[in-house]
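J.: Contents are TSV, C-alpha atoms; file name upload_25.tsv:
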chain	number	residue	atom	x	y	z
D	9	MET	CA	-175.95	50.24	170.44
D	10	LEU	CA	-173.82	47.72	172.34
D	11	VAL	CA	-173.17	44.26	170.86
D	12	VAL	CA	-171.71	41.86	173.42
D	13	GLY	CA	-169.92	38.95	171.76
D	14	ALA	CA	-169.47	40.82	168.47
D	15	SER	CA	-166.41	38.78	167.48
D	16	GLY	CA	-168.37	35.53	167.32
D	17	ALA	CA	-170.01	34.22	164.16
D	18	LEU	CA	-173.53	35.33	165.03
D	19	GLY	CA	-172.46	38.53	166.79
D	20	THR	CA	-170.45	39.58	163.74
D	21	LEU	CA	-173.44	39.09	161.45
D	22	ILE	CA	-175.73	41.02	163.78
D	23	ALA	CA	-173.24	43.89	164.04
D	24	GLU	CA	-172.89	44.04	160.25
D	25	ARG	CA	-176.64	44.30	159.79
D	26	LEU	CA	-176.98	46.97	162.44
D	27	ALA	CA	-174.15	48.98	160.89
D	28	GLU	CA	-175.85	48.75	157.48
D	29	ARG	CA	-178.90	50.36	159.10
D	30	GLY	CA	-176.80	53.25	160.33
D	31	ALA	CA	-176.48	52.23	164.00
D	32	ARG	CA	-173.54	53.56	165.98
D	33	LEU	CA	-171.99	50.54	167.61
D	34	VAL	CA	-169.79	49.61	170.50
D	35	LEU	CA	-168.49	46.11	169.83
D	36	HIS	CA	-167.36	43.80	172.61
D	37	GLY	CA	-165.25	40.68	172.31
D	38	ARG	CA	-162.28	38.96	173.89
D	39	ASP	CA	-159.90	39.68	170.99
D	40	ALA	CA	-159.54	43.32	169.93
D	41	ALA	CA	-158.05	42.30	166.57
D	42	ARG	CA	-161.29	40.57	165.59
D	43	LEU	CA	-163.56	43.51	166.36
D	44	GLY	CA	-162.58	45.88	163.56
D	45	ASP	CA	-163.26	49.62	163.76
D	46	PRO	CA	-166.98	50.42	163.75
D	47	PRO	CA	-167.71	53.83	162.16
D	48	GLY	CA	-168.77	56.34	164.80
D	49	GLY	CA	-168.42	53.77	167.55
D	50	ALA	CA	-165.80	51.97	169.61
D	51	THR	CA	-164.62	48.57	170.77
D	52	VAL	CA	-163.98	47.01	174.15
D	53	ALA	CA	-161.92	43.84	174.50
D	54	ILE	CA	-162.36	41.98	177.77
D	55	ASP	CA	-163.18	38.43	178.79
D	56	LEU	CA	-166.63	38.12	180.35
D	57	THR	CA	-165.13	36.07	183.17
D	58	GLU	CA	-163.17	39.12	184.39
D	59	ALA	CA	-164.69	40.39	187.63
D	60	ASP	CA	-165.32	43.91	186.34
D	61	ALA	CA	-166.27	42.99	182.76
D	62	PRO	CA	-169.95	44.06	182.90
D	63	GLU	CA	-169.11	47.47	184.36
D	64	THR	CA	-166.21	47.99	181.92
D	65	ILE	CA	-168.31	47.08	178.90
D	66	VAL	CA	-171.28	49.25	179.81
D	67	ASP	CA	-169.15	52.21	180.89
D	68	ARG	CA	-167.24	52.11	177.60
D	69	ALA	CA	-170.47	51.97	175.60
D	70	VAL	CA	-172.05	54.88	177.46
D	71	GLU	CA	-168.87	56.94	177.14
D	72	ALA	CA	-168.51	56.29	173.40
D	73	LEU	CA	-172.17	56.72	172.50
D	74	GLY	CA	-173.21	59.38	174.99
D	75	GLY	CA	-175.87	57.04	176.32
D	76	LEU	CA	-177.26	53.61	175.58
D	77	ASP	CA	-180.43	52.74	173.67
D	78	ALA	CA	-179.95	49.05	172.87
D	79	ILE	CA	-177.94	45.99	173.86
D	80	VAL	CA	-177.53	42.70	172.02
D	81	VAL	CA	-175.97	39.86	174.01
D	82	ALA	CA	-174.62	37.36	171.50
D	83	ALA	CA	-171.80	35.91	173.62
D	84	GLY	CA	-171.91	32.30	174.71
D	85	VAL	CA	-169.94	29.13	175.35
D	86	VAL	CA	-170.99	25.49	175.19
D	87	GLY	CA	-169.96	22.27	176.87
D	88	PHE	CA	-171.08	18.68	176.49
D	89	ASP	CA	-171.38	16.51	179.58
D	90	GLY	CA	-173.55	13.83	181.07
D	91	VAL	CA	-174.76	14.08	184.63
D	92	ALA	CA	-171.93	11.84	185.85
D	93	GLU	CA	-169.31	14.23	184.44
D	94	THR	CA	-170.84	17.55	185.47
D	95	ALA	CA	-169.02	17.88	188.81
D	96	GLY	CA	-165.62	17.85	187.12
D	97	GLN	CA	-166.38	20.39	184.41
D	98	ASP	CA	-165.80	24.13	184.23
D	99	LEU	CA	-169.30	25.15	185.22
D	100	GLU	CA	-168.21	28.50	186.64
D	101	THR	CA	-167.02	29.74	183.24
D	102	MET	CA	-170.12	28.44	181.50
D	103	PHE	CA	-172.55	30.04	183.92
D	104	THR	CA	-170.58	33.30	184.03
D	105	VAL	CA	-170.49	33.75	180.25
D	106	ASN	CA	-173.97	32.41	179.49
D	107	ALA	CA	-175.95	33.79	182.42
D	108	LEU	CA	-174.22	35.79	185.16
D	109	ALA	CA	-172.37	38.32	182.97
D	110	PRO	CA	-175.41	39.04	180.77
D	111	MET	CA	-177.57	39.47	183.87
D	112	ARG	CA	-175.07	41.91	185.38
D	113	ILE	CA	-174.72	43.82	182.10
D	114	ILE	CA	-178.48	44.39	182.02
D	115	SER	CA	-178.47	45.54	185.63
D	116	VAL	CA	-175.49	47.88	185.21
D	117	ALA	CA	-177.02	49.36	182.04
D	118	LEU	CA	-180.39	50.12	183.65
D	119	PRO	CA	-179.72	53.79	184.49
D	120	SER	CA	-178.73	54.51	180.89
D	121	LEU	CA	-181.65	52.52	179.49
D	122	ARG	CA	-184.05	54.40	181.77
D	123	ASP	CA	-182.56	57.70	180.60
D	124	SER	CA	-183.13	56.59	177.02
D	125	ALA	CA	-186.77	55.77	177.73
D	126	ALA	CA	-187.27	59.09	179.51
D	127	ALA	CA	-185.92	60.86	176.43
D	128	GLY	CA	-188.67	59.29	174.32
D	129	ASN	CA	-186.67	56.45	172.84
D	130	GLU	CA	-187.58	52.75	172.90
D	131	PRO	CA	-184.61	51.03	174.57
D	132	VAL	CA	-184.29	47.29	174.00
D	133	VAL	CA	-182.13	44.42	175.22
D	134	LEU	CA	-181.92	41.24	173.11
D	135	THR	CA	-180.51	38.02	174.54
D	136	ILE	CA	-180.10	34.60	172.89
D	137	SER	CA	-180.78	31.69	175.22
D	138	GLY	CA	-181.52	29.20	172.45
D	139	ILE	CA	-183.85	26.25	172.21
D	140	VAL	CA	-182.18	24.42	175.12
D	141	SER	CA	-183.63	26.94	177.56
D	142	GLU	CA	-187.09	25.64	176.62
D	143	PHE	CA	-186.16	22.04	175.94
D	144	PRO	CA	-183.25	20.94	178.17
D	145	THR	CA	-181.26	18.32	176.30
D	146	ALA	CA	-179.63	15.10	177.49
D	147	GLY	CA	-175.87	15.41	177.24
D	148	LEU	CA	-176.13	19.19	177.59
D	149	ALA	CA	-177.47	19.38	181.13
D	150	SER	CA	-175.19	22.13	182.43
D	151	TYR	CA	-175.36	24.12	179.18
D	152	SER	CA	-179.16	23.85	179.17
D	153	ALA	CA	-179.24	25.01	182.80
D	154	SER	CA	-177.05	28.06	182.12
D	155	LYS	CA	-179.23	29.15	179.22
D	156	ALA	CA	-182.46	28.47	181.12
D	157	ALA	CA	-181.17	30.74	183.89
D	158	LEU	CA	-180.69	33.57	181.38
D	159	ALA	CA	-184.12	33.01	179.83
D	160	ALA	CA	-185.84	33.05	183.22
D	161	TYR	CA	-184.04	36.24	184.24
D	162	VAL	CA	-184.96	38.04	181.02
D	163	ALA	CA	-188.60	36.93	181.23
D	164	ALA	CA	-188.94	38.21	184.81
D	165	ALA	CA	-186.89	41.37	184.18
D	166	GLY	CA	-188.95	42.12	181.09
D	167	ARG	CA	-192.15	42.12	183.11
D	168	GLU	CA	-190.51	44.21	185.83
D	169	LEU	CA	-189.19	46.85	183.41
D	170	ARG	CA	-192.10	47.06	180.98
D	171	ARG	CA	-193.61	50.11	182.69
D	172	SER	CA	-190.23	51.83	182.48
D	173	GLY	CA	-190.42	51.61	178.70
D	174	ILE	CA	-187.53	49.14	178.45
D	175	ARG	CA	-188.16	46.11	176.23
D	176	LEU	CA	-186.35	42.82	176.85
D	177	VAL	CA	-186.39	40.14	174.17
D	178	ASP	CA	-185.10	36.59	174.55
D	179	ALA	CA	-184.46	34.59	171.37
D	180	ARG	CA	-184.53	30.78	171.38
D	181	PRO	CA	-183.43	29.57	167.95
D	182	GLY	CA	-182.62	25.93	167.40
D	183	HIS	CA	-179.12	24.69	166.62
D	184	THR	CA	-177.42	27.22	164.36
D	185	GLU	CA	-174.34	26.55	162.24
D	186	THR	CA	-172.02	29.04	163.94
D	187	GLY	CA	-169.22	26.55	164.64
D	188	LEU	CA	-169.66	26.97	168.40
D	189	ALA	CA	-170.24	23.24	168.88
D	190	GLU	CA	-166.76	22.58	167.46
D	191	ARG	CA	-165.20	24.78	170.19
D	192	PRO	CA	-166.67	23.43	173.45
D	193	LEU	CA	-165.31	24.20	176.88
D	194	PHE	CA	-165.44	20.48	177.55
D	195	GLY	CA	-166.73	17.26	176.06
D	196	ALA	CA	-167.41	16.41	172.44
D	197	ALA	CA	-170.41	17.44	170.41
D	198	PRO	CA	-172.97	14.80	169.50
D	199	ARG	CA	-174.09	14.46	165.90
D	200	PHE	CA	-176.51	17.34	165.37
D	201	PRO	CA	-178.90	17.58	162.44
D	202	HIS	CA	-178.06	20.41	160.07
D	203	GLY	CA	-178.89	23.67	161.85
D	204	HIS	CA	-180.15	27.10	160.91
D	205	ASP	CA	-178.19	29.35	158.58
D	206	PRO	CA	-176.63	31.97	160.92
D	207	ALA	CA	-177.24	34.73	158.36
D	208	ILE	CA	-180.97	34.00	158.42
D	209	VAL	CA	-180.99	33.88	162.23
D	210	ALA	CA	-179.16	37.23	162.36
D	211	ASP	CA	-181.74	38.74	160.00
D	212	ARG	CA	-184.57	37.54	162.25
D	213	LEU	CA	-182.89	38.88	165.38
D	214	VAL	CA	-182.39	42.32	163.88
D	215	ARG	CA	-186.01	42.37	162.72
D	216	ALA	CA	-187.06	41.63	166.30
D	217	ILE	CA	-185.18	44.69	167.49
D	218	GLU	CA	-186.99	46.79	164.91
D	219	ASP	CA	-190.52	45.37	165.05
D	220	GLY	CA	-191.23	45.49	168.80
D	221	SER	CA	-191.10	41.73	169.44
D	222	THR	CA	-190.97	40.69	173.09
D	223	THR	CA	-190.07	37.02	172.58
D	224	LEU	CA	-188.69	34.80	169.85
D	225	PRO	CA	-189.53	31.14	170.51
D	226	PRO	CA	-187.97	28.37	168.43
D	227	ASP	CA	-190.75	28.41	165.84
D	228	ALA	CA	-190.04	32.09	165.11
D	229	PHE	CA	-186.98	30.85	163.20
D	230	THR	CA	-188.81	28.29	161.09
D	231	GLY	CA	-188.71	29.64	157.56
D	232	ALA	CA	-187.20	32.87	158.88
Could I get this structure in the form of structure tokens?
T.:
Amino acid sequence: MLVVGASGALGTLIAERLAERGARLVLHGRDAARLGDPPGGATVAIDLTEADAPETIVDRAVEALGGLDAIVVAAGVVGFDGVAETAGQDLETMFTVNALAPMRIISVALPSLRDSAAAGNEPVVLTISGIVSEFPTAGLASYSASKAALAAYVAAAGRELRRSGIRLVDARPGHTETGLAERPLFGAAPRFPHGHDPAIVADRLVRAIEDGSTTLPPDAFTGA
């Protein structure tokens, strides 16, 4: 199983839970020192803004695992801007990390995922677009747009690939206390209400991989 963004707060928790269940993991992140040494797996350190990042990540996972049955995309960046400021912000990085790189990873991984389905497995891809993909938020216009792009792609790709036996799941939890809002690409975070416990969100995401879910709307995390 490949976990993209495994060095982040939520990605780390997801990877830990998957490892506890005996999954062989390839962990991706920007900083190799933060990825550890997954038993029976491997790591790949590369920034998602690198031109060949999707191919490098998928190739490393397939090489290390001998195939690919599941992908979790937990990478993401945030920025805070009003409409008047959007033109001057680093939109290319935001859209690459939040939408374009995940889309390309899914596409590059398709041959391996199809092989997995043909072998009788149930390959799955889990993405995390968040609540803003459903409810675009003032002050987060560009961030909302990047996440909505990912959610739309996964919804359409999921319908396209269903007959191939490949399941795509998009998760849309509300604000989660991962600390991401304190590390924006640009702008300053507004005052958010207290968010979800990331450990509880990680538990719900891993359950979705296991239970055959095809979507996780915001209310799936209420009382999760």
J.: Set up a box along x, y and z of the file covering all listed atoms of range 95-101 of chain D, add 8 Å on every one of the six sides, and write the centre and edge lengths in Å to one decimal, as AutoDock Vina command-line options.
T.:
--center_x -167.5 --center_y 23.8 --center_z 186.0 --size_x 19.7 --size_y 27.9 --size_z 21.6
J.: Between CA of Ile22 in chain D and CA of Leu224 in chain D, what is the spacing in Å?
T.: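 It comes out at 15.6 Å.
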J.: Closest to Asp205 in chain D among D:Thr186, D:Leu43, D:Lys155, D:Leu108, using all atoms listed in the file?
T.: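 Using all atoms listed in the file, the shortest distance to Asp205 in chain D belongs to D:Thr186.
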J.: Just give me the residues with any atom within 10 Å of (-187.8, 43.6, 168.0), file coordinates, counting all atoms listed in the file, written as a PyMOL selection string.
T.: chain D and resi 132-134+175-178+212-224
J.: Could you write out that same residue set with C-alpha atoms as a PDB file, in the coordinates of the input?
T.:
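result14.pdb, written as the output of this step:
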ATOM      1  CA  VAL D 132    -184.290  47.290 174.000  1.00  0.00           C
ATOM      2  CA  VAL D 133    -182.130  44.420 175.220  1.00  0.00           C
ATOM      3  CA  LEU D 134    -181.920  41.240 173.110  1.00  0.00           C
ATOM      4  CA  ARG D 175    -188.160  46.110 176.230  1.00  0.00           C
ATOM      5  CA  LEU D 176    -186.350  42.820 176.850  1.00  0.00           C
ATOM      6  CA  VAL D 177    -186.390  40.140 174.170  1.00  0.00           C
ATOM      7  CA  ASP D 178    -185.100  36.590 174.550  1.00  0.00           C
ATOM      8  CA  ARG D 212    -184.570  37.540 162.250  1.00  0.00           C
ATOM      9  CA  LEU D 213    -182.890  38.880 165.380  1.00  0.00           C
ATOM     10  CA  VAL D 214    -182.390  42.320 163.880  1.00  0.00           C
ATOM     11  CA  ARG D 215    -186.010  42.370 162.720  1.00  0.00           C
ATOM     12  CA  ALA D 216    -187.060  41.630 166.300  1.00  0.00           C
ATOM     13  CA  ILE D 217    -185.180  44.690 167.490  1.00  0.00           C
ATOM     14  CA  GLU D 218    -186.990  46.790 164.910  1.00  0.00           C
ATOM     15  CA  ASP D 219    -190.520  45.370 165.050  1.00  0.00           C
ATOM     16  CA  GLY D 220    -191.230  45.490 168.800  1.00  0.00           C
ATOM     17  CA  SER D 221    -191.100  41.730 169.440  1.00  0.00           C
ATOM     18  CA  THR D 222    -190.970  40.690 173.090  1.00  0.00           C
ATOM     19  CA  THR D 223    -190.070  37.020 172.580  1.00  0.00           C
ATOM     20  CA  LEU D 224    -188.690  34.800 169.850  1.00  0.00           C
TER      21      LEU D 224
END
J.: Tell me which of D:Asp89, D:Asp123, D:Asp60, D:Asp67 sits closest to Ala109 in chain D, counting only C-alpha atoms.
T.: D:Asp60
J.: For the atom pair CA of Ile139 in chain D and CA of Pro226 in chain D, what is the interatomic distance in Å to one decimal place?
T.: 6.0 Å
J.: Please provide as a count of residues only all residues within 10 Å of Thr104 in chain D, with the sequence filter that same-chain residues fewer than 3 positions apart are discarded (counting all atoms listed in the file).
T.: 16
J.: What's around Glu71 in chain D at 12 Å? Count only C-alpha atoms, leave out sequence neighbours fewer than 6 positions away in its own chain, and write the answer as a list of chain:residue names.
T.: D:Met9, D:Leu10, D:Leu33, D:Val34, D:Gly49, D:Ala50, D:Thr51, D:Val52, D:Glu63, D:Thr64, D:Ile65, D:Ser120
J.: In Å, rounded to a single decimal, give me how far CA of Ser152 in chain D is from CA of Thr94 in chain D.
T.: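 These two atoms are separated by 12.2 Å.
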J.: With only C-alpha atoms as the counted atoms, please give the residues lying no more than 8 Å from Gly90 in chain D, apart from itself and same-chain residues fewer than 4 positions off, as a PDB file with C-alpha atoms, in the frame of the given file.
T.:
ATOM      1  CA  THR D  94    -170.840  17.550 185.470  1.00  0.00           C
ATOM      2  CA  ALA D 146    -179.630  15.100 177.490  1.00  0.00           C
ATOM      3  CA  GLY D 147    -175.870  15.410 177.240  1.00  0.00           C
ATOM      4  CA  LEU D 148    -176.130  19.190 177.590  1.00  0.00           C
ATOM      5  CA  ALA D 149    -177.470  19.380 181.130  1.00  0.00           C
TER       6      ALA D 149
END
J.: In terms of the shortest atom-to-atom distance over only C-alpha atoms, which of D:Leu188, D:Ile113, D:Ala69, D:Ile54 is closest to Pro206 in chain D?
T.: D:Leu188
J.: Give the answer as one residue: which of D:Ala197, D:Ile174, D:Ala83, D:Ala92 has the shortest atom-to-atom distance to Leu118 in chain D, using all atoms listed in the file?
T.: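 Comparing D:Ala197, D:Ile174, D:Ala83, D:Ala92 against Leu118 in chain D, the winner is D:Ile174.
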J.: Select all residues near (-172.8, 34.8, 165.4) (cut-off 9 Å, inclusive, file coordinates), counting all atoms listed in the file, and output them as a PDB file with C-alpha atoms, keeping the file's coordinate frame.
T.:
ATOM      1  CA  GLY D  13    -169.920  38.950 171.760  1.00  0.00           C
ATOM      2  CA  ALA D  14    -169.470  40.820 168.470  1.00  0.00           C
ATOM      3  CA  SER D  15    -166.410  38.780 167.480  1.00  0.00           C
ATOM      4  CA  GLY D  16    -168.370  35.530 167.320  1.00  0.00           C
ATOM      5  CA  ALA D  17    -170.010  34.220 164.160  1.00  0.00           C
ATOM      6  CA  LEU D  18    -173.530  35.330 165.030  1.00  0.00           C
ATOM      7  CA  GLY D  19    -172.460  38.530 166.790  1.00  0.00           C
ATOM      8  CA  THR D  20    -170.450  39.580 163.740  1.00  0.00           C
ATOM      9  CA  LEU D  21    -173.440  39.090 161.450  1.00  0.00           C
ATOM     10  CA  ILE D  22    -175.730  41.020 163.780  1.00  0.00           C
ATOM     11  CA  ALA D  82    -174.620  37.360 171.500  1.00  0.00           C
ATOM     12  CA  ALA D  83    -171.800  35.910 173.620  1.00  0.00           C
ATOM     13  CA  THR D 184    -177.420  27.220 164.360  1.00  0.00           C
ATOM     14  CA  GLU D 185    -174.340  26.550 162.240  1.00  0.00           C
ATOM     15  CA  THR D 186    -172.020  29.040 163.940  1.00  0.00           C
ATOM     16  CA  LEU D 188    -169.660  26.970 168.400  1.00  0.00           C
ATOM     17  CA  PRO D 206    -176.630  31.970 160.920  1.00  0.00           C
ATOM     18  CA  ALA D 207    -177.240  34.730 158.360  1.00  0.00           C
ATOM     19  CA  VAL D 209    -180.990  33.880 162.230  1.00  0.00           C
ATOM     20  CA  ALA D 210    -179.160  37.230 162.360  1.00  0.00           C
TER      21      ALA D 210
END
J.: Under the rule that only C-alpha atoms are counted, which of D:Gly87, D:Leu169, D:Val81, D:His183 is the nearest residue to Pro201 in chain D?
T.: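 When distances to Pro201 in chain D are compared using only C-alpha atoms, the smallest one comes from D:His183.
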J.: For each of D:Ala165, D:Ala95, D:Gly75, D:Gly37, take the minimum atom-to-atom distance to Pro119 in chain D, counting all atoms listed in the file, then give the residue where this is smallest.
T.: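 Distance minimum relative to Pro119 in chain D lands on D:Gly75.
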